[in-house]
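> Sharing a structure here in structure tokens format.
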Amino acid sequence: MSGIQTILENNRQWVATKNAEDPAYFRRMADGQQPKYLFIGCSDSRVPASGITGTGPGEMFVHRNIANMVVHSDMNMLSVLQYAVEVLGVQDIMVVGHYGCGGVAAAASNKQYGLIDNWLTNIRDVVRLHETEFLRIKNEPERLRRLVELNVIEQVRNLAKTNIIQNAMRSEKPPRLHGLVYDIADGVLKDLQVDNDDVMRDMEHIYATEAHDPEEDPGTPPPSEPAAAGHPNGHAHEPAKKPTKEPVPSSDK
Ligand SMILES: [Zn+2]
């Protein structure tokens, strides 16, 4: 037996085992999910999200990509994050890197690998941010291990830059952000102790945003909309109010 037949046979055995252990198991699963955790990890086959965290079906929402990246133009990651935080209400969000990550090693080299080079550029940005520290580490395996850790920390910071996390942090039950590294060589998951208050404070003066409140500031209609005429859909709009304040003269002399 090989290929997909192995997978299907494994599945049949797993179903039989589960049903023998707990006849209500699949009925409970079908009722819905309330996972407490969001796992953002690497696609590497040696880092199974459930296995290394001891969680079972229904306990953890999972997103995986090459080198566990949080990229702000990645609609897949953003959709997972928004759904996990705003709909499922997960309380712990972990970015999980791993030593021996091929994506991180590729980003640290000068070789081309094709399309994936564009994805790996996000890790090269981490190298640029921490170049002074890297240059001090002469031993290459050690430098790569440190890059794995710093990449995880930067991806946690990238989470904090999203309006999804910023809004969630202002809610009654703010989630906690974690940066973890898994060691393939011994199976141990290490907490990098990323301080959430520090991360959010560091983001404040450049990345912090607030949700627009239409009652406080109605704003101006889009320029293509006729100001006083009826809307094509039949909704009449108030004409845009001109600013009542005079422009503030520049203090530069
Ligand atoms: Zn990896």
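Ligands are numbered from 1 in the order shown, residues from 1 within each chain, and chains are lettered A, B, ... in the order they appear in the structure tokens.
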Please return as a PDB file with N, CA and C atoms, in the first residue's frame the residues found within 6 Å of ligand 1, counting only C-alpha atoms and all ligand atoms.


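Saved file part_17.pdb follows:
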```
ATOM      1  N   CYS A  42       5.177  27.316  11.100  1.00  0.00           N
ATOM      2  CA  CYS A  42       5.821  27.039   9.816  1.00  0.00           C
ATOM      3  C   CYS A  42       5.167  25.811   9.167  1.00  0.00           C
ATOM      4  N   ASP A  44       6.654  23.498   7.780  1.00  0.00           N
ATOM      5  CA  ASP A  44       7.584  22.367   7.898  1.00  0.00           C
ATOM      6  C   ASP A  44       6.874  21.122   8.457  1.00  0.00           C
ATOM      7  N   ILE A  66       5.331  29.303   5.145  1.00  0.00           N
ATOM      8  CA  ILE A  66       6.776  29.107   5.218  1.00  0.00           C
ATOM      9  C   ILE A  66       7.393  30.132   6.174  1.00  0.00           C
ATOM     10  N   ALA A  67       8.032  29.631   7.202  1.00  0.00           N
ATOM     11  CA  ALA A  67       8.750  30.428   8.207  1.00  0.00           C
ATOM     12  C   ALA A  67       7.829  31.252   9.107  1.00  0.00           C
ATOM     13  N   CYS A 101      14.934  25.913  10.570  1.00  0.00           N
ATOM     14  CA  CYS A 101      13.911  26.316   9.591  1.00  0.00           C
ATOM     15  C   CYS A 101      14.570  26.577   8.234  1.00  0.00           C
ATOM     16  N   GLY A 102      14.124  25.828   7.216  1.00  0.00           N
ATOM     17  CA  GLY A 102      14.689  25.971   5.873  1.00  0.00           C
ATOM     18  C   GLY A 102      14.412  27.342   5.280  1.00  0.00           C
ATOM     19  N   GLY A 103      13.251  27.910   5.595  1.00  0.00           N
ATOM     20  CA  GLY A 103      12.904  29.233   5.088  1.00  0.00           C
ATOM     21  C   GLY A 103      13.842  30.295   5.636  1.00  0.00           C
TER      22      GLY A 103
END
```

> Restrict the calculation to only C-alpha atoms, then for each residue of region 48-137 of chain A with any atom at most 6 Å from an atom of region 27-38 of chain A give the closest atom pair and their distance in Å to one decimal, rows by chain and rising residue number, as a Markdown table.


```
| residue | atom | partner | partner_atom | distance |
| --- | --- | --- | --- | --- |
| A:Gly58 | CA | A:Gln33 | CA | 5.3 |
| A:Glu59 | CA | A:Pro35 | CA | 4.3 |
| A:Met60 | CA | A:Tyr37 | CA | 4.8 |
| A:Phe61 | CA | A:Leu38 | CA | 4.7 |
| A:Val62 | CA | A:Leu38 | CA | 5.8 |
| A:Val90 | CA | A:Lys36 | CA | 4.5 |
| A:Gln91 | CA | A:Lys36 | CA | 5.5 |
| A:Asp92 | CA | A:Tyr37 | CA | 4.9 |
| A:Ile93 | CA | A:Leu38 | CA | 4.7 |
```

> How far is it from CA of His72 (chain A) to CA of Leu159 (chain A), in Å with one decimal?

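Pair CA of His72 (chain A) / CA of Leu159 (chain A) returns 8.7 Å.
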
> Could you pull out the strand (DSSP E or B) residues of region 6-244 of chain A from DSSP and send them as an NGL selection string?

:A and (37-42 or 60-65 or 92-99 or 176-183 or 189-191 or 230 or 236)

> Would you mind telling me which residue in A:Gln166, A:Asn65, A:Thr209, A:Asn139 lies nearest to Gly41 (chain A) when using only C-alpha atoms?

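Ranking A:Gln166, A:Asn65, A:Thr209, A:Asn139 by distance to Gly41 (chain A), first place goes to A:Asn65.
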
> List every residue of region 24-237 of chain A that DSSP, applied to the backbone of this structure, assigns to alpha helix (DSSP H), and report them as a ChimeraX atom specification.

/A:25-30,49-53,75-82,102-108,116-129,131-136,140-161,163-169,196-207
